[in-house]
>>> print(open('protein-v4.cif').read())   # mmCIF, C-alpha atoms
data_protein
#
loop_
_atom_site.group_PDB
_atom_site.id
_atom_site.type_symbol
_atom_site.label_atom_id
_atom_site.label_comp_id
_atom_site.auth_asym_id
_atom_site.auth_seq_id
_atom_site.Cartn_x
_atom_site.Cartn_y
_atom_site.Cartn_z
ATOM 1 C CA MET A 16 96.898 103.975 67.800
ATOM 2 C CA SER A 17 95.151 103.116 71.042
ATOM 3 C CA ASP A 18 91.413 102.657 70.967
ATOM 4 C CA THR A 19 91.095 105.161 73.826
ATOM 5 C CA SER A 20 92.384 108.030 71.676
ATOM 6 C CA GLN A 21 89.284 108.261 69.495
ATOM 7 C CA GLY A 22 87.028 111.132 70.481
ATOM 8 C CA ALA A 23 89.222 112.241 73.375
ATOM 9 C CA ALA A 24 88.952 115.916 74.240
ATOM 10 C CA ALA A 25 92.177 117.878 73.913
ATOM 11 C CA ALA A 26 93.027 120.531 76.484
ATOM 12 C CA PRO A 27 92.387 123.974 74.917
ATOM 13 C CA GLY A 28 95.406 125.679 76.464
ATOM 14 C CA PRO A 29 98.692 125.042 78.258
ATOM 15 C CA VAL A 30 99.105 121.918 80.370
ATOM 16 C CA THR A 31 101.680 121.927 83.177
ATOM 17 C CA VAL A 32 102.907 118.726 84.796
ATOM 18 C CA ARG A 33 104.931 118.641 87.996
ATOM 19 C CA VAL A 34 107.375 115.743 88.278
ATOM 20 C CA PRO A 35 109.679 114.760 91.169
ATOM 21 C CA ALA A 36 113.350 114.008 91.614
ATOM 22 C CA LYS A 37 114.418 110.640 92.973
ATOM 23 C CA VAL A 38 116.963 109.240 95.347
ATOM 24 C CA ASN A 39 118.167 105.648 95.162
ATOM 25 C CA VAL A 40 117.980 104.287 98.691
ATOM 26 C CA GLN A 41 119.511 101.086 97.321
ATOM 27 C CA LEU A 42 121.399 100.772 94.057
ATOM 28 C CA ALA A 43 122.783 97.253 93.619
ATOM 29 C CA VAL A 44 124.638 96.843 90.322
ATOM 30 C CA GLY A 45 125.563 93.581 88.640
ATOM 31 C CA ALA A 46 128.174 92.791 85.992
ATOM 32 C CA PRO A 47 127.335 94.129 82.517
ATOM 33 C CA ARG A 48 125.085 91.982 80.330
ATOM 34 C CA PRO A 49 125.917 91.125 76.702
ATOM 35 C CA ASP A 50 123.872 94.174 75.594
ATOM 36 C CA GLY A 51 126.106 96.413 77.724
ATOM 37 C CA PHE A 52 123.478 97.245 80.332
ATOM 38 C CA HIS A 53 124.000 96.382 83.979
ATOM 39 C CA PRO A 54 121.322 94.399 85.829
ATOM 40 C CA LEU A 55 120.061 96.391 88.790
ATOM 41 C CA ALA A 56 118.157 96.102 92.017
ATOM 42 C CA ASN A 57 117.291 99.765 92.241
ATOM 43 C CA VAL A 58 115.052 101.022 95.036
ATOM 44 C CA PHE A 59 113.684 104.411 94.023
ATOM 45 C CA LEU A 60 112.204 106.946 96.395
ATOM 46 C CA ALA A 61 110.604 110.071 94.926
ATOM 47 C CA VAL A 62 111.480 113.280 96.774
ATOM 48 C CA GLY A 63 109.880 116.703 96.886
ATOM 49 C CA LEU A 64 112.172 118.555 94.488
ATOM 50 C CA TYR A 65 110.308 119.153 91.241
ATOM 51 C CA ASP A 66 110.658 120.177 87.628
ATOM 52 C CA GLU A 67 107.602 121.484 85.794
ATOM 53 C CA VAL A 68 106.963 120.787 82.114
ATOM 54 C CA THR A 69 104.418 122.956 80.285
ATOM 55 C CA ALA A 70 103.012 121.868 76.911
ATOM 56 C CA THR A 71 101.453 124.522 74.677
ATOM 57 C CA PRO A 72 100.120 124.085 71.114
ATOM 58 C CA ALA A 73 102.689 125.184 68.531
ATOM 59 C CA PRO A 74 103.291 124.821 64.778
ATOM 60 C CA GLU A 75 106.209 122.463 65.444
ATOM 61 C CA LEU A 76 108.138 120.880 68.267
ATOM 62 C CA ARG A 77 110.104 123.435 70.277
ATOM 63 C CA ILE A 78 111.958 123.124 73.601
ATOM 64 C CA THR A 79 112.800 125.916 76.025
ATOM 65 C CA CYS A 80 114.243 125.686 79.510
ATOM 66 C CA THR A 81 114.797 127.955 82.507
ATOM 67 C CA GLY A 82 116.103 127.469 86.014
ATOM 68 C CA PRO A 83 119.359 126.342 87.654
ATOM 69 C CA GLY A 84 121.588 124.484 85.196
ATOM 70 C CA SER A 85 119.291 125.199 82.248
ATOM 71 C CA ASP A 86 122.276 126.194 80.117
ATOM 72 C CA GLN A 87 123.336 122.521 80.215
ATOM 73 C CA VAL A 88 119.984 121.219 78.915
ATOM 74 C CA PRO A 89 119.861 120.405 75.163
ATOM 75 C CA LEU A 90 117.076 122.211 73.315
ATOM 76 C CA ASP A 91 116.967 119.943 70.272
ATOM 77 C CA ARG A 92 115.427 116.541 69.598
ATOM 78 C CA THR A 93 118.065 114.777 71.683
ATOM 79 C CA ASN A 94 116.316 116.140 74.787
ATOM 80 C CA LEU A 95 114.433 113.312 76.527
ATOM 81 C CA ALA A 96 111.325 115.479 76.822
ATOM 82 C CA ALA A 97 111.381 116.076 73.064
ATOM 83 C CA ARG A 98 111.833 112.355 72.458
ATOM 84 C CA ALA A 99 108.841 111.642 74.690
ATOM 85 C CA ALA A 100 106.639 114.010 72.686
ATOM 86 C CA LEU A 101 107.841 112.501 69.412
ATOM 87 C CA ALA A 102 107.172 108.946 70.620
ATOM 88 C CA LEU A 103 103.637 109.805 71.751
ATOM 89 C CA ALA A 104 102.877 111.648 68.503
ATOM 90 C CA GLU A 105 104.110 108.674 66.475
ATOM 91 C CA LEU A 106 101.985 106.249 68.515
ATOM 92 C CA HIS A 107 98.838 108.230 67.713
ATOM 93 C CA GLY A 108 99.699 109.327 64.187
ATOM 94 C CA LEU A 109 99.884 112.994 65.134
ATOM 95 C CA ALA A 110 102.172 115.832 64.123
ATOM 96 C CA PRO A 111 104.336 116.760 67.146
ATOM 97 C CA GLY A 112 103.138 120.352 67.253
ATOM 98 C CA VAL A 113 103.991 121.423 70.773
ATOM 99 C CA HIS A 114 106.123 123.884 72.668
ATOM 100 C CA LEU A 115 107.598 122.208 75.742
ATOM 101 C CA HIS A 116 108.901 124.554 78.407
ATOM 102 C CA ILE A 117 110.937 122.957 81.191
ATOM 103 C CA ALA A 118 111.225 124.857 84.464
ATOM 104 C CA LYS A 119 114.199 123.210 86.202
ATOM 105 C CA ASP A 120 114.578 122.802 89.926
ATOM 106 C CA ILE A 121 116.009 119.265 89.990
ATOM 107 C CA PRO A 122 119.830 119.416 89.731
ATOM 108 C CA VAL A 123 121.040 118.881 86.156
ATOM 109 C CA ALA A 124 123.308 115.827 85.671
ATOM 110 C CA GLY A 125 123.098 115.359 89.430
ATOM 111 C CA GLY A 126 122.066 111.719 89.774
ATOM 112 C CA MET A 127 118.466 112.631 90.664
ATOM 113 C CA ALA A 128 116.835 111.713 87.313
ATOM 114 C CA GLY A 129 116.079 115.275 86.227
ATOM 115 C CA GLY A 130 116.154 114.453 82.525
ATOM 116 C CA SER A 131 114.038 111.365 83.096
ATOM 117 C CA ALA A 132 111.575 113.429 85.122
ATOM 118 C CA ASP A 133 111.271 115.893 82.242
ATOM 119 C CA ALA A 134 110.564 113.034 79.821
ATOM 120 C CA ALA A 135 107.781 111.662 82.027
ATOM 121 C CA GLY A 136 106.401 115.159 82.524
ATOM 122 C CA ALA A 137 106.398 115.869 78.792
ATOM 123 C CA LEU A 138 104.696 112.561 78.055
ATOM 124 C CA LEU A 139 101.826 113.229 80.473
ATOM 125 C CA ALA A 140 101.561 116.889 79.437
ATOM 126 C CA CYS A 141 101.325 116.035 75.725
ATOM 127 C CA ASP A 142 98.883 113.193 76.350
ATOM 128 C CA THR A 143 96.654 115.650 78.216
ATOM 129 C CA LEU A 144 97.110 118.502 75.738
ATOM 130 C CA TRP A 145 96.394 116.315 72.716
ATOM 131 C CA GLY A 146 93.538 114.438 74.365
ATOM 132 C CA THR A 147 95.006 111.085 73.369
ATOM 133 C CA ARG A 148 94.182 109.377 76.703
ATOM 134 C CA THR A 149 96.870 106.770 76.250
ATOM 135 C CA PRO A 150 96.454 103.752 78.535
ATOM 136 C CA TYR A 151 98.805 103.949 81.503
ATOM 137 C CA ALA A 152 100.543 100.703 80.542
ATOM 138 C CA GLN A 153 101.394 102.182 77.141
ATOM 139 C CA LEU A 154 102.755 105.332 78.739
ATOM 140 C CA LEU A 155 104.998 103.145 80.901
ATOM 141 C CA ASP A 156 106.168 101.257 77.793
ATOM 142 C CA ILE A 157 107.162 104.539 76.146
ATOM 143 C CA CYS A 158 108.930 105.574 79.338
ATOM 144 C CA ALA A 159 110.919 102.327 79.386
ATOM 145 C CA GLU A 160 112.021 102.880 75.790
ATOM 146 C CA LEU A 161 113.244 106.373 76.674
ATOM 147 C CA GLY A 162 115.412 105.388 79.650
ATOM 148 C CA SER A 163 115.768 103.231 82.733
ATOM 149 C CA ASP A 164 114.670 105.920 85.216
ATOM 150 C CA VAL A 165 111.775 107.370 83.206
ATOM 151 C CA PRO A 166 109.056 104.886 84.289
ATOM 152 C CA PHE A 167 109.633 105.673 87.962
ATOM 153 C CA SER A 168 109.400 109.399 87.267
ATOM 154 C CA LEU A 169 105.876 108.766 85.994
ATOM 155 C CA VAL A 170 104.923 106.502 88.921
ATOM 156 C CA GLY A 171 106.577 108.214 91.920
ATOM 157 C CA GLY A 172 106.260 107.042 95.524
ATOM 158 C CA ALA A 173 108.654 104.160 96.140
ATOM 159 C CA ALA A 174 109.416 101.193 93.939
ATOM 160 C CA LEU A 175 111.918 98.451 93.245
ATOM 161 C CA GLY A 176 113.273 98.603 89.711
ATOM 162 C CA VAL A 177 114.900 95.515 88.198
ATOM 163 C CA GLY A 178 116.240 94.706 84.752
ATOM 164 C CA ARG A 179 117.794 98.017 83.746
ATOM 165 C CA GLY A 180 115.702 99.589 86.511
ATOM 166 C CA GLU A 181 112.651 100.011 84.285
ATOM 167 C CA LEU A 182 110.633 97.011 85.550
ATOM 168 C CA LEU A 183 108.884 98.416 88.599
ATOM 169 C CA THR A 184 107.225 96.928 91.664
ATOM 170 C CA PRO A 185 105.684 99.580 93.952
ATOM 171 C CA TRP A 186 106.795 99.471 97.594
ATOM 172 C CA GLN A 187 104.831 100.742 100.562
ATOM 173 C CA VAL A 188 106.151 103.678 102.585
ATOM 174 C CA GLY A 189 104.807 104.038 106.118
ATOM 175 C CA GLY A 190 105.789 107.616 106.889
ATOM 176 C CA GLU A 191 107.751 110.687 105.844
ATOM 177 C CA PHE A 192 111.517 110.700 105.462
ATOM 178 C CA HIS A 193 113.505 113.938 105.590
ATOM 179 C CA TRP A 194 116.528 114.562 103.390
ATOM 180 C CA VAL A 195 119.084 117.178 102.490
ATOM 181 C CA PHE A 196 120.601 117.120 99.004
ATOM 182 C CA ALA A 197 123.973 118.795 98.498
ATOM 183 C CA VAL A 198 124.389 120.028 94.931
ATOM 184 C CA ALA A 199 127.913 119.821 93.532
ATOM 185 C CA ASP A 200 129.539 122.279 91.159
ATOM 186 C CA GLY A 201 129.088 120.622 87.749
ATOM 187 C CA GLY A 202 127.696 117.228 86.787
ATOM 188 C CA LEU A 203 128.831 113.657 86.345
ATOM 189 C CA SER A 204 128.144 111.573 83.266
ATOM 190 C CA THR A 205 126.169 108.436 84.139
ATOM 191 C CA PRO A 206 127.890 106.365 81.389
ATOM 192 C CA ALA A 207 131.276 107.514 82.699
ATOM 193 C CA VAL A 208 130.370 106.426 86.236
ATOM 194 C CA TYR A 209 129.316 102.990 84.987
ATOM 195 C CA ARG A 210 132.571 102.678 83.030
ATOM 196 C CA GLU A 211 134.478 103.500 86.209
ATOM 197 C CA PHE A 212 132.382 100.940 88.102
ATOM 198 C CA ASP A 213 133.430 98.312 85.534
ATOM 199 C CA ARG A 214 137.073 99.376 85.793
ATOM 200 C CA LEU A 215 137.065 99.164 89.581
ATOM 201 C CA ALA A 216 135.261 95.797 89.489
ATOM 202 C CA SER A 217 137.542 94.296 86.847
ATOM 203 C CA GLY A 218 138.795 90.879 87.906
ATOM 204 C CA THR A 219 136.352 90.605 90.802
ATOM 205 C CA ASP A 220 133.249 88.466 91.176
ATOM 206 C CA VAL A 221 130.349 90.928 90.998
ATOM 207 C CA PRO A 222 127.305 89.412 92.759
ATOM 208 C CA GLU A 223 123.840 89.381 91.239
ATOM 209 C CA PRO A 224 121.910 92.413 92.513
ATOM 210 C CA ALA A 225 119.174 91.720 95.049
ATOM 211 C CA ALA A 226 116.835 94.003 96.965
ATOM 212 C CA SER A 227 117.327 94.378 100.706
ATOM 213 C CA ASP A 228 114.541 92.976 102.892
ATOM 214 C CA ALA A 229 115.704 95.139 105.792
ATOM 215 C CA LEU A 230 115.426 98.267 103.648
ATOM 216 C CA ARG A 231 111.930 97.304 102.526
ATOM 217 C CA THR A 232 110.880 96.862 106.148
ATOM 218 C CA ALA A 233 112.389 100.235 107.108
ATOM 219 C CA LEU A 234 110.418 101.981 104.360
ATOM 220 C CA ARG A 235 107.200 100.185 105.257
ATOM 221 C CA THR A 236 107.489 101.066 108.945
ATOM 222 C CA GLY A 237 108.662 104.646 108.363
ATOM 223 C CA ASP A 238 111.744 104.077 110.524
ATOM 224 C CA ALA A 239 114.420 106.600 109.548
ATOM 225 C CA THR A 240 117.080 105.092 111.821
ATOM 226 C CA ALA A 241 116.537 101.633 110.329
ATOM 227 C CA LEU A 242 116.553 103.079 106.811
ATOM 228 C CA ALA A 243 119.853 104.839 107.519
ATOM 229 C CA ALA A 244 121.441 101.503 108.387
ATOM 230 C CA THR A 245 120.400 99.976 105.053
ATOM 231 C CA LEU A 246 121.255 102.703 102.498
ATOM 232 C CA THR A 247 123.697 101.439 99.844
ATOM 233 C CA ASN A 248 124.911 102.574 96.438
ATOM 234 C CA ASP A 249 127.239 100.326 94.446
ATOM 235 C CA LEU A 250 128.074 103.262 92.154
ATOM 236 C CA GLN A 251 129.380 105.403 95.014
ATOM 237 C CA PRO A 252 133.021 104.203 94.834
ATOM 238 C CA ALA A 253 133.059 104.974 91.094
ATOM 239 C CA ALA A 254 131.544 108.417 91.602
ATOM 240 C CA LEU A 255 134.072 109.194 94.360
ATOM 241 C CA SER A 256 136.904 107.960 92.150
ATOM 242 C CA LEU A 257 135.882 110.413 89.429
ATOM 243 C CA ARG A 258 135.062 113.225 91.875
ATOM 244 C CA PRO A 259 137.165 112.758 95.060
ATOM 245 C CA SER A 260 135.954 116.094 96.449
ATOM 246 C CA LEU A 261 132.566 114.500 97.181
ATOM 247 C CA THR A 262 134.167 112.686 100.127
ATOM 248 C CA ALA A 263 134.473 116.022 101.935
ATOM 249 C CA THR A 264 130.789 116.746 101.309
ATOM 250 C CA LEU A 265 129.756 113.355 102.705
ATOM 251 C CA THR A 266 131.928 113.948 105.766
ATOM 252 C CA ALA A 267 130.538 117.445 106.339
ATOM 253 C CA GLY A 268 126.952 116.210 106.306
ATOM 254 C CA THR A 269 127.671 113.289 108.596
ATOM 255 C CA GLU A 270 129.513 115.497 111.079
ATOM 256 C CA ALA A 271 126.543 117.893 111.017
ATOM 257 C CA GLY A 272 124.300 115.133 112.357
ATOM 258 C CA ALA A 273 122.885 113.306 109.334
ATOM 259 C CA LEU A 274 121.747 109.756 110.083
ATOM 260 C CA ALA A 275 123.352 108.547 106.841
ATOM 261 C CA ALA A 276 125.042 109.940 103.755
ATOM 262 C CA LEU A 277 125.472 108.600 100.249
ATOM 263 C CA VAL A 278 125.987 109.651 96.665
ATOM 264 C CA SER A 279 122.623 109.941 94.902
ATOM 265 C CA GLY A 280 122.570 107.537 91.957
ATOM 266 C CA SER A 281 125.530 108.222 89.695
ATOM 267 C CA GLY A 282 126.185 111.545 91.441
ATOM 268 C CA PRO A 283 127.507 114.091 91.974
ATOM 269 C CA THR A 284 124.586 115.164 94.185
ATOM 270 C CA THR A 285 124.982 113.739 97.685
ATOM 271 C CA ALA A 286 122.017 112.737 99.847
ATOM 272 C CA PHE A 287 121.735 112.993 103.628
ATOM 273 C CA LEU A 288 118.978 111.241 105.536
ATOM 274 C CA VAL A 289 118.054 113.213 108.667
ATOM 275 C CA LYS A 290 115.715 112.765 111.623
ATOM 276 C CA ASP A 291 113.198 115.546 110.961
ATOM 277 C CA ALA A 292 112.642 118.961 109.381
ATOM 278 C CA GLU A 293 114.561 120.748 112.138
ATOM 279 C CA ALA A 294 117.581 118.501 111.594
ATOM 280 C CA ALA A 295 117.310 119.079 107.849
ATOM 281 C CA GLY A 296 117.678 122.816 108.399
ATOM 282 C CA ARG A 297 120.751 122.360 110.586
ATOM 283 C CA VAL A 298 122.440 119.950 108.201
ATOM 284 C CA ALA A 299 121.712 122.137 105.178
ATOM 285 C CA GLU A 300 123.166 125.175 106.957
ATOM 286 C CA SER A 301 126.296 123.242 107.950
ATOM 287 C CA LEU A 302 126.797 121.880 104.454
ATOM 288 C CA LEU A 303 126.645 125.351 102.951
ATOM 289 C CA ALA A 304 129.016 126.701 105.588
ATOM 290 C CA SER A 305 131.483 123.882 104.835
ATOM 291 C CA GLY A 306 132.037 125.195 101.313
ATOM 292 C CA THR A 307 131.874 121.660 99.908
ATOM 293 C CA CYS A 308 128.717 122.226 97.820
ATOM 294 C CA VAL A 309 127.016 125.032 95.897
ATOM 295 C CA ALA A 310 123.529 124.424 97.348
ATOM 296 C CA ALA A 311 121.883 122.325 100.059
ATOM 297 C CA ARG A 312 118.241 121.482 99.491
ATOM 298 C CA PRO A 313 115.946 119.982 102.162
ATOM 299 C CA ALA A 314 113.189 117.734 100.796
ATOM 300 C CA VAL A 315 110.640 115.218 102.044
ATOM 301 C CA SER A 316 109.794 111.792 100.656
ATOM 302 C CA PRO A 317 107.842 110.031 99.342
ATOM 303 C CA ALA A 318 106.464 112.323 96.633
ATOM 304 C CA PRO A 319 103.841 111.665 93.955
ATOM 305 C CA GLY A 320 104.849 110.894 90.399
ATOM 306 C CA ALA A 321 104.085 113.065 87.369
ATOM 307 C CA THR A 322 100.957 115.107 88.129
ATOM 308 C CA VAL A 323 98.947 117.557 86.044
ATOM 309 C CA VAL A 324 98.840 120.817 87.999
ATOM 310 C CA VAL A 325 97.527 123.196 85.284
ATOM 311 C CA LYS A 326 95.091 122.261 82.524
ATOM 312 C CA GLY A 327 94.071 125.139 80.277
#
>>> encode(input="protein-v4.cif", output="structure tokens")
Amino acid sequence: MSDTSQGAAAAPGPVTVRVPAKVNVQLAVGAPRPDGFHPLANVFLAVGLYDEVTATPAPELRITCTGPGSDQVPLDRTNLAARAALALAELHGLAPGVHLHIAKDIPVAGGMAGGSADAAGALLACDTLWGTRTPYAQLLDICAELGSDVPFSLVGGAALGVGRGELLTPWQVGGEFHWVFAVADGGLSTPAVYREFDRLASGTDVPEPAASDALRTALRTGDATALAATLTNDLQPAALSLRPSLTATLTAGTEAGALAALVSGSGPTTAFLVKDAEAAGRVAESLLASGTCVAARPAVSPAPGATVVVKG
């Protein structure tokens, strides 16, 4: 138990935390390590599409979920948000008496870290509700145990993630970047995409992942054109191999005037960097008209990490 938990005041009523989606503006993937994980140079950028996680006192742990794709979200203890609450309760010697309600707006299984966002949101919501005041470094440790993308969901902004992606170094962003995210019909399994990456890379010399200096400069200066020239995703060929129809989506967005297009993370959501808000509207409209996606969502980056927005 942390020494900061003693005497902390619990929130009397519901606590709601808003937590952002992410896009990987660089995802460099190395050959698998002996433990099966792939070393990464993963540049995260938080974007203004959000889930909200509300924690309410309850006799026992319960998960509910609403919003697009909510029927695909597990409502048992395999849910990352449930695992976050259990881990925090165990750390402080508490019973995990909480009802976690997840209001989804981040695409489910879409390569935008929706499940990881929910875990970070649940962790902060429970810490606030229970008054445990866990040191930030400990919260990040719990996040890292839950999954590679979870720490960034807590931090937000922009950051380089190495190791499995969980070891973060914040990066400076010098302006706003405008995006459109095309949501595919159905999801893609991240483990399946990594298996396909390994299959496609079999017999080749996979280089050690390294962050791009040019990309870092583009983010720092807020230069969308320079950023467009540096966007890369080593998982994109694997995602396109498993879902060839995504090629048509990428083409539709590029032809509509996007500065750059790529698969977001492990997919199947595709991301389009655009010049400004007006261009985002045009590209989103064209993507929908193309029939290659089920939704097209404009969003701005960077966005803050997990944030308490309601404290009862």
>>> resolve_selection(input="protein-v4.cif", expression="the PyMOL selection byres ((chain A and resi 112) around 6)", output="list in words")
Ala73, Pro74, Glu75, Leu76, Ala110, Pro111 and Val113 of chain A
>>> write_last_selection(input="protein-v4.cif", atoms="C-alpha atoms", output="compact mmCIF listing (two decimals), keeping the file's coordinate frame")
# COMPACT_ATOMS: atom_id res chain seq x y z
CA ALA A 73 102.69 125.18 68.53
CA PRO A 74 103.29 124.82 64.78
CA GLU A 75 106.21 122.46 65.44
CA LEU A 76 108.14 120.88 68.27
CA ALA A 110 102.17 115.83 64.12
CA PRO A 111 104.34 116.76 67.15
CA VAL A 113 103.99 121.42 70.77
>>> closest_residue(input="protein-v4.cif", among="A:Thr266, A:Ala26, A:Ala132, A:Leu302", to="Arg148 (chain A)", atoms="all atoms listed in the file")
A:Ala26
>>> residues_around(input="protein-v4.cif", residues="Ala96 (chain A)", least_positions_apart="4", cutoff="8 Å", atoms="all atoms listed in the file", output="list in words")
Ala100, Leu115, Gly130, Ser131, Asp133, Ala134, Ala135, Gly136, Ala137 and Leu138 of chain A
>>> atom_distance(input="protein-v4.cif", atom1="CA of Trp194 (chain A)", atom2="CA of Ala124 (chain A)")
19.0 Å
>>> closest_residue(input="protein-v4.cif", among="A:Ala140, A:Leu250, A:Ala97, A:Leu203", to="His53 (chain A)", atoms="only C-alpha atoms")
A:Leu250
>>> resolve_selection(input="protein-v4.cif", expression="the PyMOL selection byres ((chain A and resi 64) around 6)", output="count of residues only")
6
>>> closest_residue(input="protein-v4.cif", among="A:Thr322, A:Ser256, A:Ser316, A:Thr79", to="Val30 (chain A)", atoms="only C-alpha atoms")
A:Thr322
>>> closest_residue(input="protein-v4.cif", among="A:Gln251, A:Ser85, A:Thr240, A:Ser168", to="Leu42 (chain A)", atoms="all atoms listed in the file")
A:Gln251
>>> closest_residue(input="protein-v4.cif", among="A:Lys326, A:His193, A:Arg297, A:Arg312", to="Cys141 (chain A)", atoms="only C-alpha atoms")
A:Lys326
>>> atom_distance(input="protein-v4.cif", atom1="CA of Thr205 (chain A)", atom2="CA of Val44 (chain A)")
13.2 Å
>>> closest_residue(input="protein-v4.cif", among="A:Leu103, A:Val38, A:Val309, A:Val315", to="Gly190 (chain A)", atoms="only C-alpha atoms")
A:Val315
>>> axis_aligned_box(input="protein-v4.cif", around="region 182-201 of chain A", padding_each_side="8 Å", output="AutoDock Vina command-line options")
--center_x 117.2 --center_y 109.6 --center_z 96.2 --size_x 40.7 --size_y 41.4 --size_z 37.3
>>> resolve_selection(input="protein-v4.cif", expression="the PyMOL selection byres ((chain A and resi 183) around 12)", output="PyMOL selection string")
chain A and resi 55-59+152+155-156+158-159+163-182+184-186
>>> residues_around(input="protein-v4.cif", residues="Gly327 (chain A)", least_positions_apart="4", cutoff="10 Å", atoms="all atoms listed in the file", output="VMD selection string")
chain A and resid 25 to 31 71 144
>>> atom_distance(input="protein-v4.cif", atom1="CA of Arg231 (chain A)", atom2="CA of Met127 (chain A)")
20.5 Å
>>> residues_around(input="protein-v4.cif", residues="Val289 (chain A)", least_positions_apart="2", cutoff="10 Å", atoms="all atoms listed in the file", output="count of residues only")
26
